[in-house]
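The block underneath contains the structure these notes are about, expressed in C-alpha cells.
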Amino acid sequence: MSDPQISMLIMPKWGMTMTEGRVVKWLVPEGANVAAGDEVLDVETEKIANAVEAPVTGVLRRHVAGEGQAVPVSGLLAIFADPAVTDAEVDAFVEGFLADFTPEDADAGAEAEGPAPESVQVADRSIRYLKLGEGGEPVLLIHGFGGDQNAWLFNHEFLSAGRTVYALDLPGHGGSSKDVGDGTVGVLAGVVAGFMDALELGAAHVVGHSLGGAVAAELALAEPGRVLSLTLVSSIGLGSEINGEFVNGFARGQRRGEIKPVLEVLFADPTLVTRRLVEDVLRYKRLDGVDEALATIAASMVADDGTQKVAIRDRLTDYPGSVLVIRGAHDQIVPPGHADGLPETVRTEIVDVAGHMPMMESPTEFNRLLLDFLP
Amino acid sequence: MARTITYQQAITEALSQEMARDSTVIVMGEDVMGGSGAEGEMDAWGGPMGITKGLHSKFGDQIMDTPITESAFIGAAVGAAASGLRPVAELMFSDFLGVCFDQIYNQAAKFRYMFGGKSETPVVIRTMYGAGIRSAAQHGQSPYSIFTHVPGLKCVIPSTPYDAKGLLIQSIRDNDPVIFFEHKNLYQMEGEVPEEPYAIPFREASVVREGADVTIVTLGLMVHRSLEAAEKLAGDGIECEVIDLRTTSPLDDETILESVRATGRVVVVDEASPRCSVATDISALVAQHAFDALKAPVTMVTAPHTPVPFAGVLEDLYIPDAAKIEAAVRSVAGYTR
C-alpha cells in the first residue's frame with residue numbers, strides 16, 4: 001500500500017456527522033495530468049455539495065468510484081500514478097485497498113468516536129462549542145448571522161492539526177441560549193469574552209465570519225491582550241453597504257420557498273445549497289426564541305435606510321496585533337470592495353471562486369491563507 | 001439540542017411543553033389523567049397508549065378525565081375553546097368521529113365564519129388512525145379525508161417524531177380547530193427531535209426525498225412505505241421525489257405542482273379507501289393545474305373500497321405496501337403514449 005509511485009484520493013470527512021459522500025461528477029478524465037489543488041470531482045453529502053481537490057501533482061489513472069456512487073468516508077475515489085506504473089499494478093493496488101478497507105461504523109462514528117459539541121455556562125447563558133485538537137496557541141472561530149459552528153465544517157478539523165481550535169455558537173444561534181440581549185456586537189463580544197473566561201482561555205487567535213468578524217474585532221479592541229491575531233472573513237463593519245434584503249429575508253423566512261433563495265445568495269455557486277442545508281436552517285429557525293433573537297440582531301446590524309450600523313473600519317488601527325482580511329470575490333451580502341483601502345498593516349486576501357462563504361466554497365485556499373497567517 | 005426519541009414521546013413532550021408555557025392549554029379525554037386520579041405510579045395509564053402519562057402529576061387541574069361519551073367531551077372542548085381555553089381533547093380512535101361529528105363539523109368548524117370572524121375556536125382533537133394492529137373495521141380506519149372536506153377545520157397528519165412535535169405545538173397555538181391524526185404504527189418510530197419547543201407552519205409539505213423521474217405524493221405511515229419503494233427503485237435508476245403532505249388542510253399545492261411540473265409523472269399513495277379521498281383530491285389538483293406537464297396517467301395506490309378486514313392476512317393485503325407502490329411507479333415511469 002505504500003508504493004511511492006501510486007497515490008490515493010480518498011473521500012474526505014466534512015464535519016462530524018458525515019459518514020459517506022456521493023460522487024456527483026468527475027471533473028477530470030482518466031489519463032489527465034493534474035496539479036495538486038486542482039478540482040478533481042464534485043461530491044455531495046446529505047448536508048452540502050463541494051469539489052474535492054487533487055492531493056498531489058500527477059496523472060489521474062483511475063476513477064475508482066463511478067458517478068452516482070456513494071463512497072464511505074476514507075473510501076477510495078481515485079488513483080494517481082506515474083505513467084510508468086502499469087494498469088495491472090493499478091488494478092492490484094485498488095484490489096488490495098478494497099480488500100483491507102473497513103468503513104467507519106456510522107453509529108460508532110457519530111457517538112463513540114471523536115469529540116462532540118459541549119456546552120458551558122457563561123453568566124445566565126449556555127454556550128455550545130466544539131473543541132478539536134490539542135496544544136499550541138488556541139484558535140477561536142466565530143460564525144456569522146444565522147449560522148453556527150458548522151460554518152467551519154471544512155476548516156475546523158484541518159486547522160486543529162497541532163493546535164486547539166474552538167468553534168462556538170453565538171447567543172441566539174445553534175445550540176446556545178436564545179437570549180441575545182440588545183443584539184449588539186458589543187453584547188455578543190462580551191459573551192465571547194465570558195466564554196474564554198469560562199474555558200480559562202487567556203488569549204486566542206480569533207477568526208470571525210461576517211457578523212462574527214465584527215464581534216471578533218470588537219473583542220480585539222476591548223481586550224487587545226486576549227486576541228493574539230484577528231482574522232476577518234467577509235466581515236461586516238468595513239463599509240456602509242450591506243444586503244439588507246438578505247439579512248431581513250433570513251430573519252423573517254419561515255418556509256422552504258422563502259429561505260432557499262435567500263441561502264443561494266450566500267454562495268457564488270447557488271447549487272451548493274442542498275435540500276438538507278435548507279432543512280437544517282428551517283429546523284433552527286423554527287425553535288422558540290430564534291425569530292426574536294435574529295430580528296433583534298438584524299436591527300442592530302442594518303439601519304432603516306439599509307446601511308450598516310456596525311463600524312469597525314476606522315478603529316481597526318487601534319488594535320496592535322496582526323490583522324488578516326479575507327473576502328470572496330463574488331460576495332453578494334457585503335461588497336468585496338470593502339477590503340479596499342484598509343491600512344497597510346492589514347493583510348488582505350481575495351478568494352476568487354467564492355461568495356460570502358469563502359471558508360465553505362473554497363476551503364483549500366481558505367485553509368492555506370489562514371494557516372499561512374497563523375504562527 | 002436534538003436527541004433521539006419516539007413519535008409517542010415527541011407528542012407527550014409537545015403537550016407537556018405547551019401546558020407549561022400556557023396555563024390555558026388543557027388536556028381532556030377518556031383515561032388521559034389515568035382514570036383513578038391518583039398520584040405517582042397510580043397516575044395510571046395516560047390514555048390507551050400512555051401518551052398523557054405523567055401529565056397529571058405535573059399539571060394537576062390542566063388535565064381531566066371524561067366519561068366515555070365523545071359527544072359530551074368533544075362538545076365541552078369546543079365550548080371551552082370558544083370561551084378562552086386551548087383544549088387538547090383526545091378522541092381515542094378516529095373511527096369514533098360519528099359519535100361527536102356535529103360538535104366538530106357543524107359547530108367548531110363554523111363559529112369563526114358564522115360569527116363574522118369575531119369568534120376563535122382554538123381546539124385540538126388528537127386522534128389515532130390507521131390499520132395494521134388487527135383492530136379491525138371499527139378501530140383501523142383512516143378517515144382524514146372526511147375532516148379535510150370540511151371548510152373551517154385544519155387537518156394534520158405527521159409522519160415522523162420531528163414533525164409530530166412541531167406540528168402538535170403549531171396545532172395548539174393555532175386559533176382554529178385542528179384534527180391531529182396519529183398513526184398507531186408510528187408511535188414507536190424513533191427520530192431526532194430538538195429538546196426545545198418549535199412549531200412547524202401548516203401548509204408546508206416536506207420533500208423527504210428528491211428525484212427527477214416520478215413524484216410520489218403521500219402522507220402519514222405511507223411516507224415510510226413510499227421511501228422504502230423509492231430506495232429500491234433508485235437501485236434500478238428510477239429516482240422518485242417523495243412529498244409528505246404533513247397537512248391536508250391547508251394543502252401545500254405549490255410544492256406538489258412544482259414537483260409534478262418537473263417530473264411529469266405522479267403516484268399518490270394513501271392508506272385510506274379510494275373514493276372522495278386525499279388521493280383523489282391530489283389527483284384532481286394535478287389534472288387541473290399540471291395537465292400540460294403530465295407524461296403518464298396520474299396513478300393512485302390506496303386501500304381497496306372495503307372496511308378494514310379483521311383477518312390478519314386480509315389486513316396485510318388491504319394496507320398499501322412498498323411492493324404495490326414500486327409496481328405503480330414502474331408502470332408510470334415506463335408509460336409511453
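Identifiers for the C-alpha cells are assigned positionally: chains receive A, B, ... in sequence, residues are indexed from 1 per chain, and ligands are indexed from 1 in the order shown.
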
Which polymer residues have any atom within 6 Å of an atom of stretch 268-278 of chain A, counting only C-alpha atoms, with same-chain residues fewer than 3 positions away left out, as a PyMOL selection string?
chain A and resi 46-49+264+281+330+354-355

For chain A against chain B, with a cut-off of 6 Å and counting only C-alpha atoms, what is the closest atom pair and its distance in Å to one decimal for every residue that makes the cut, ordered by chain and number, as JSON lines?
```
{"residue": "A:Gly175", "atom": "CA", "partner": "B:Met1", "partner_atom": "CA", "distance": 5.8}
{"residue": "A:Arg286", "atom": "CA", "partner": "B:Tyr198", "partner_atom": "CA", "distance": 5.2}
{"residue": "A:Leu287", "atom": "CA", "partner": "B:Tyr198", "partner_atom": "CA", "distance": 4.2}
{"residue": "A:Asp288", "atom": "CA", "partner": "B:Tyr198", "partner_atom": "CA", "distance": 5.3}
```

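Of the listed residues A:Val90, A:Val43, A:Ala51, A:Ala36, the one whose atoms come nearest to A:Pro363 is A:Ala51, with distances taken using only C-alpha atoms.
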
Under the rule that only C-alpha atoms are counted, which of A:Glu118, A:Glu349, A:Glu241, A:Asp197 is the nearest residue to A:Ala167?
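Distance minimum relative to A:Ala167 lands on A:Glu118.
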
List the neighbours of B:Leu245 out to 12 Å using only C-alpha atoms; skip same-chain residues closer than 4 positions along the sequence, and give me the result as a PyMOL selection string.
chain B and resi 155-159+163+202-208+216-223+249-256+268-270+278-279+282

Put those residues in a file: C-alpha atoms, as a JSON list (two decimals), in the first residue's frame.
```json
[["chain", "number", "residue", "atom", "x", "y", "z"],
["B", 155, "CYS", "CA", -56.19, 18.56, 9.30],
["B", 156, "VAL", "CA", -52.69, 17.47, 10.37],
["B", 157, "ILE", "CA", -51.09, 14.06, 9.71],
["B", 158, "PRO", "CA", -47.46, 13.86, 10.95],
["B", 159, "SER", "CA", -45.19, 11.07, 9.73],
["B", 163, "ASP", "CA", -42.95, 16.53, 12.61],
["B", 202, "PHE", "CA", -49.10, 24.46, 8.30],
["B", 203, "ARG", "CA", -49.23, 24.19, 4.50],
["B", 204, "GLU", "CA", -45.56, 23.32, 4.28],
["B", 205, "ALA", "CA", -45.19, 19.87, 2.72],
["B", 206, "SER", "CA", -41.89, 18.14, 3.31],
["B", 207, "VAL", "CA", -39.82, 16.93, 0.37],
["B", 208, "VAL", "CA", -38.39, 13.88, 2.11],
["B", 216, "ILE", "CA", -44.81, 10.29, -5.04],
["B", 217, "VAL", "CA", -47.31, 12.34, -3.02],
["B", 218, "THR", "CA", -48.17, 10.71, 0.28],
["B", 219, "LEU", "CA", -48.84, 11.17, 3.99],
["B", 220, "GLY", "CA", -48.61, 9.54, 7.41],
["B", 221, "LEU", "CA", -47.35, 5.97, 7.62],
["B", 222, "MET", "CA", -47.35, 5.71, 3.83],
["B", 223, "VAL", "CA", -44.42, 8.14, 3.67],
["B", 249, "SER", "CA", -55.99, 21.21, 5.11],
["B", 250, "PRO", "CA", -54.49, 23.63, 4.41],
["B", 251, "LEU", "CA", -52.84, 21.87, 1.48],
["B", 252, "ASP", "CA", -49.42, 22.84, 0.11],
["B", 253, "ASP", "CA", -50.46, 22.63, -3.54],
["B", 254, "GLU", "CA", -47.42, 24.65, -4.66],
["B", 255, "THR", "CA", -44.90, 22.02, -3.59],
["B", 256, "ILE", "CA", -46.91, 19.24, -5.26],
["B", 268, "VAL", "CA", -50.40, 9.28, -4.98],
["B", 269, "VAL", "CA", -50.13, 6.89, -2.04],
["B", 270, "ASP", "CA", -52.85, 6.93, 0.61],
["B", 278, "VAL", "CA", -56.97, 12.71, -0.24],
["B", 279, "ALA", "CA", -55.67, 10.58, -3.13],
["B", 282, "ILE", "CA", -54.43, 15.34, -5.17]]
```

All residues 8 Å or closer to A:Val262, only C-alpha atoms, same chain fewer than 2 positions away omitted, as a VMD selection string
chain A and resid 246 249 to 250 258 to 260 264 to 266

Same residues, N, CA and C atoms, output as an mmCIF file, in the first residue's frame:
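Output file part.cif is given in full below:
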```
data_model
loop_
_atom_site.group_PDB
_atom_site.id
_atom_site.type_symbol
_atom_site.label_atom_id
_atom_site.label_comp_id
_atom_site.auth_asym_id
_atom_site.auth_seq_id
_atom_site.Cartn_x
_atom_site.Cartn_y
_atom_site.Cartn_z
ATOM 1 N N PHE A 246 -31.124 40.304 2.277
ATOM 2 C CA PHE A 246 -30.674 39.003 2.768
ATOM 3 C C PHE A 246 -30.901 38.914 4.277
ATOM 4 N N GLY A 249 -34.596 38.953 5.017
ATOM 5 C CA GLY A 249 -35.211 37.758 4.418
ATOM 6 C C GLY A 249 -34.873 36.521 5.232
ATOM 7 N N PHE A 250 -33.632 36.441 5.700
ATOM 8 C CA PHE A 250 -33.231 35.300 6.525
ATOM 9 C C PHE A 250 -33.939 35.349 7.879
ATOM 10 N N GLU A 258 -39.183 30.402 0.893
ATOM 11 C CA GLU A 258 -38.654 31.725 1.233
ATOM 12 C C GLU A 258 -37.161 31.659 1.555
ATOM 13 N N ILE A 259 -36.742 30.592 2.217
ATOM 14 C CA ILE A 259 -35.372 30.502 2.716
ATOM 15 C C ILE A 259 -34.384 30.076 1.625
ATOM 16 N N LYS A 260 -34.814 29.197 0.711
ATOM 17 C CA LYS A 260 -33.864 28.672 -0.278
ATOM 18 C C LYS A 260 -33.240 29.786 -1.113
ATOM 19 N N GLU A 264 -29.221 30.884 -1.271
ATOM 20 C CA GLU A 264 -28.467 30.805 -2.529
ATOM 21 C C GLU A 264 -27.595 32.038 -2.764
ATOM 22 N N VAL A 265 -28.021 33.161 -2.184
ATOM 23 C CA VAL A 265 -27.260 34.398 -2.344
ATOM 24 C C VAL A 265 -25.925 34.335 -1.597
ATOM 25 N N LEU A 266 -25.824 33.408 -0.640
ATOM 26 C CA LEU A 266 -24.589 33.285 0.138
ATOM 27 C C LEU A 266 -23.412 32.779 -0.685
#
```

Just checking: using only C-alpha atoms, which residue out of A:Glu95, A:Glu218, A:Glu53, A:Glu44 ends up closest to A:Thr364?
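Of A:Glu95, A:Glu218, A:Glu53, A:Glu44, the one nearest A:Thr364 is A:Glu53, counting only C-alpha atoms.
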
Test item: residues at most 10 Å from stretch 43-58 of chain B, only C-alpha atoms, excluding those fewer than 4 positions along its chain, as a PyMOL selection string
chain B and resi 8-13+15-16+19-20+27-39+62-65+90-93+128+184+187

Residues from the last selection, C-alpha atoms, saved as a short mmCIF file (atom, residue, chain, number, x, y, z; two decimals), in the first residue's frame:
```cif
data_model
loop_
_atom_site.label_atom_id
_atom_site.label_comp_id
_atom_site.auth_asym_id
_atom_site.auth_seq_id
_atom_site.Cartn_x
_atom_site.Cartn_y
_atom_site.Cartn_z
CA GLN B 8 -45.05 8.91 21.01
CA GLN B 9 -42.53 10.68 23.27
CA ALA B 10 -42.46 13.62 20.85
CA ILE B 11 -46.23 14.03 21.24
CA THR B 12 -46.03 13.80 25.04
CA GLU B 13 -43.22 16.37 25.05
CA LEU B 15 -48.19 18.54 25.22
CA SER B 16 -46.02 18.97 28.29
CA MET B 19 -49.04 23.09 29.08
CA ALA B 20 -46.04 24.55 30.91
CA VAL B 27 -55.95 18.12 28.09
CA MET B 28 -59.18 16.12 28.31
CA GLY B 29 -60.40 12.73 27.25
CA GLU B 30 -61.05 9.14 28.26
CA ASP B 31 -58.48 7.95 30.81
CA VAL B 32 -55.99 10.69 29.84
CA MET B 33 -55.43 11.54 33.51
CA GLY B 34 -55.15 7.93 34.45
CA GLY B 35 -58.67 7.04 35.40
CA SER B 36 -58.05 6.69 39.11
CA GLY B 37 -56.93 10.27 39.58
CA ALA B 38 -54.27 9.03 42.00
CA GLU B 39 -50.69 10.28 42.32
CA GLN B 62 -54.87 21.27 33.44
CA ILE B 63 -55.83 17.67 32.69
CA MET B 64 -59.18 15.95 33.21
CA ASP B 65 -60.71 12.54 32.68
CA GLU B 90 -58.21 13.01 22.85
CA LEU B 91 -60.67 11.19 20.63
CA MET B 92 -59.28 7.73 21.28
CA PHE B 93 -59.92 6.27 17.82
CA MET B 128 -55.46 7.62 16.41
CA LYS B 184 -50.83 3.61 15.67
CA TYR B 187 -45.79 5.58 17.88
#
```

Tell me, as an NGL selection string, which residues lie within 9 Å of A:Val120, counting only C-alpha atoms; anything in the same chain fewer than 6 positions away does not count.
:A and (126-129 or 195 or 198-199)

Report as a Markdown table the residues of stretch 281-353 of chain A within 10 Å of stretch 220-234 of chain A, each with its shortest atom pair and distance in Å (one decimal), using only C-alpha atoms, ordered by chain and increasing residue number.
```
| residue | atom | partner | partner_atom | distance |
| --- | --- | --- | --- | --- |
| A:Ile312 | CA | A:Leu221 | CA | 9.3 |
| A:Arg315 | CA | A:Leu221 | CA | 7.9 |
| A:Leu316 | CA | A:Leu221 | CA | 7.8 |
| A:Thr317 | CA | A:Leu221 | CA | 9.4 |
| A:Asp318 | CA | A:Leu221 | CA | 6.9 |
| A:Tyr319 | CA | A:Leu221 | CA | 5.6 |
| A:Pro320 | CA | A:Pro224 | CA | 7.2 |
| A:Gly321 | CA | A:Ser229 | CA | 5.5 |
| A:Ser322 | CA | A:Ser229 | CA | 5.2 |
| A:Val323 | CA | A:Leu230 | CA | 4.8 |
| A:Leu324 | CA | A:Thr231 | CA | 4.6 |
| A:Val325 | CA | A:Leu232 | CA | 4.8 |
| A:Ile326 | CA | A:Val233 | CA | 4.8 |
| A:Arg327 | CA | A:Ser234 | CA | 4.9 |
| A:Gly328 | CA | A:Ser234 | CA | 6.9 |
| A:Ala329 | CA | A:Ser234 | CA | 9.8 |
| A:Asp331 | CA | A:Ser234 | CA | 7.7 |
| A:Ile333 | CA | A:Ser234 | CA | 8.6 |
| A:Val334 | CA | A:Ser234 | CA | 6.8 |
| A:Pro335 | CA | A:Ser234 | CA | 8.6 |
| A:Pro336 | CA | A:Ser234 | CA | 7.5 |
| A:His338 | CA | A:Ser234 | CA | 9.0 |
| A:Ala339 | CA | A:Ser234 | CA | 8.8 |
| A:Val346 | CA | A:Thr231 | CA | 9.8 |
| A:Arg347 | CA | A:Thr231 | CA | 9.4 |
| A:Thr348 | CA | A:Leu232 | CA | 9.5 |
| A:Glu349 | CA | A:Val233 | CA | 9.6 |
| A:Ile350 | CA | A:Ser234 | CA | 9.8 |
```

Within 6 Å of stretch 224-233 of chain B, counting only C-alpha atoms, which residues qualify if same-chain residues fewer than 6 places away don't, as number ranges by chain?
B: 240, 321-322, 326

Among stretch 195-256 of chain B, which ones does DSSP place in helix (DSSP H, G or I), written as a list of chain:residue names?
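Of stretch 195-256 of chain B, only B:Met222, B:Val223, B:His224, B:Arg225, B:Ser226, B:Leu227, B:Glu228, B:Ala229, B:Ala230, B:Glu231, B:Lys232, B:Leu233, B:Ala234, B:Gly235, B:Asp253, B:Glu254, B:Thr255, B:Ile256 fall in helix (DSSP H, G or I).
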
Using atom CA of A:Phe366 and atom CA of A:Glu134 as the two end points, give the distance in Å to one decimal.
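Computing it gives 21.6 Å between the two atoms.
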
As a ChimeraX atom specification, list the residues of stretch 104-267 of chain B assigned to strand (DSSP E or B) by DSSP on the backbone atoms of this structure.
/B:124-129,154-156,178-183,190-194,198,206-209,214-218,240-244,247-249,266-267

Go ahead and save the picked residues with N, CA and C atoms, as a compact mmCIF listing (two decimals), in the first residue's frame.
```txt
# COMPACT_ATOMS: atom_id res chain seq x y z
N VAL B 124 -57.82 21.48 19.75
CA VAL B 124 -57.12 20.42 19.02
C VAL B 124 -57.78 19.11 19.40
N ILE B 125 -58.11 18.30 18.41
CA ILE B 125 -58.60 16.95 18.69
C ILE B 125 -57.54 15.97 18.21
N ARG B 126 -56.84 15.35 19.16
CA ARG B 126 -55.85 14.33 18.83
C ARG B 126 -56.57 13.01 18.66
N THR B 127 -56.19 12.25 17.64
CA THR B 127 -56.91 11.01 17.42
C THR B 127 -56.04 9.98 16.70
N MET B 128 -56.23 8.70 17.04
CA MET B 128 -55.46 7.62 16.41
C MET B 128 -56.14 7.14 15.14
N TYR B 129 -55.34 6.78 14.16
CA TYR B 129 -55.92 6.25 12.93
C TYR B 129 -55.02 5.13 12.41
N LYS B 154 -58.79 22.33 10.28
CA LYS B 154 -57.43 22.07 9.81
C LYS B 154 -57.10 20.62 10.13
N CYS B 155 -56.37 20.00 9.23
CA CYS B 155 -56.19 18.56 9.30
C CYS B 155 -54.70 18.22 9.18
N VAL B 156 -54.14 17.64 10.25
CA VAL B 156 -52.69 17.47 10.37
C VAL B 156 -52.36 15.98 10.52
N VAL B 178 -58.30 22.10 15.01
CA VAL B 178 -57.34 21.24 14.30
C VAL B 178 -57.62 19.79 14.67
N ILE B 179 -57.70 18.93 13.67
CA ILE B 179 -57.78 17.49 13.93
C ILE B 179 -56.38 16.93 13.68
N PHE B 180 -55.81 16.30 14.69
CA PHE B 180 -54.42 15.87 14.67
C PHE B 180 -54.38 14.34 14.66
N PHE B 181 -53.95 13.76 13.54
CA PHE B 181 -54.01 12.31 13.34
C PHE B 181 -52.69 11.63 13.67
N GLU B 182 -52.74 10.65 14.57
CA GLU B 182 -51.55 9.91 14.98
C GLU B 182 -51.68 8.46 14.53
N HIS B 183 -50.70 7.98 13.77
CA HIS B 183 -50.80 6.60 13.29
C HIS B 183 -50.32 5.63 14.36
N GLU B 190 -38.50 5.97 15.93
CA GLU B 190 -37.54 6.88 16.56
C GLU B 190 -37.01 7.90 15.57
N GLY B 191 -36.64 9.06 16.08
CA GLY B 191 -36.04 10.08 15.21
C GLY B 191 -35.47 11.20 16.04
N GLU B 192 -34.68 12.05 15.39
CA GLU B 192 -34.06 13.18 16.08
C GLU B 192 -35.07 14.29 16.31
N VAL B 193 -35.19 14.72 17.54
CA VAL B 193 -36.14 15.77 17.90
C VAL B 193 -35.44 16.76 18.82
N PRO B 194 -35.49 18.06 18.51
CA PRO B 194 -34.89 19.04 19.42
C PRO B 194 -35.60 19.04 20.77
N TYR B 198 -40.69 23.99 19.32
CA TYR B 198 -40.63 24.59 17.98
C TYR B 198 -41.94 24.30 17.29
N SER B 206 -43.30 18.44 3.14
CA SER B 206 -41.89 18.14 3.31
C SER B 206 -41.43 17.30 2.13
N VAL B 207 -40.39 17.74 1.45
CA VAL B 207 -39.82 16.93 0.37
C VAL B 207 -38.81 16.00 1.03
N VAL B 208 -39.23 14.77 1.30
CA VAL B 208 -38.39 13.88 2.11
C VAL B 208 -37.35 13.15 1.26
N ARG B 209 -37.53 13.17 -0.03
CA ARG B 209 -36.51 12.62 -0.92
C ARG B 209 -36.62 13.36 -2.25
N VAL B 214 -40.12 10.46 -11.00
CA VAL B 214 -41.52 10.29 -10.62
C VAL B 214 -41.76 10.97 -9.26
N THR B 215 -42.88 11.69 -9.16
CA THR B 215 -43.26 12.29 -7.88
C THR B 215 -44.20 11.34 -7.14
N ILE B 216 -43.88 11.03 -5.89
CA ILE B 216 -44.81 10.29 -5.04
C ILE B 216 -45.36 11.27 -4.01
N VAL B 217 -46.68 11.47 -4.01
CA VAL B 217 -47.31 12.34 -3.02
C VAL B 217 -47.98 11.44 -2.00
N THR B 218 -47.66 11.64 -0.72
CA THR B 218 -48.17 10.71 0.28
C THR B 218 -48.27 11.38 1.64
N CYS B 240 -37.24 8.76 -7.43
CA CYS B 240 -38.53 9.31 -7.01
C CYS B 240 -38.34 10.52 -6.10
N GLU B 241 -39.20 11.50 -6.30
CA GLU B 241 -39.30 12.61 -5.35
C GLU B 241 -40.47 12.27 -4.44
N VAL B 242 -40.22 12.19 -3.14
CA VAL B 242 -41.29 11.81 -2.22
C VAL B 242 -41.73 13.04 -1.42
N ILE B 243 -43.01 13.37 -1.55
CA ILE B 243 -43.56 14.54 -0.87
C ILE B 243 -44.50 14.09 0.24
N ASP B 244 -44.18 14.50 1.46
CA ASP B 244 -45.02 14.22 2.62
C ASP B 244 -45.90 15.45 2.84
N THR B 247 -49.92 18.35 6.16
CA THR B 247 -51.28 18.81 6.43
C THR B 247 -52.10 18.66 5.15
N THR B 248 -53.33 18.14 5.27
CA THR B 248 -54.19 18.03 4.09
C THR B 248 -55.11 19.24 3.99
N SER B 249 -55.27 19.94 5.11
CA SER B 249 -55.99 21.21 5.11
C SER B 249 -55.37 22.08 6.19
N VAL B 266 -46.75 11.16 -11.69
CA VAL B 266 -47.11 11.23 -10.27
C VAL B 266 -47.87 9.98 -9.81
N VAL B 267 -47.48 9.50 -8.64
CA VAL B 267 -48.19 8.42 -7.97
C VAL B 267 -48.62 8.97 -6.60
```
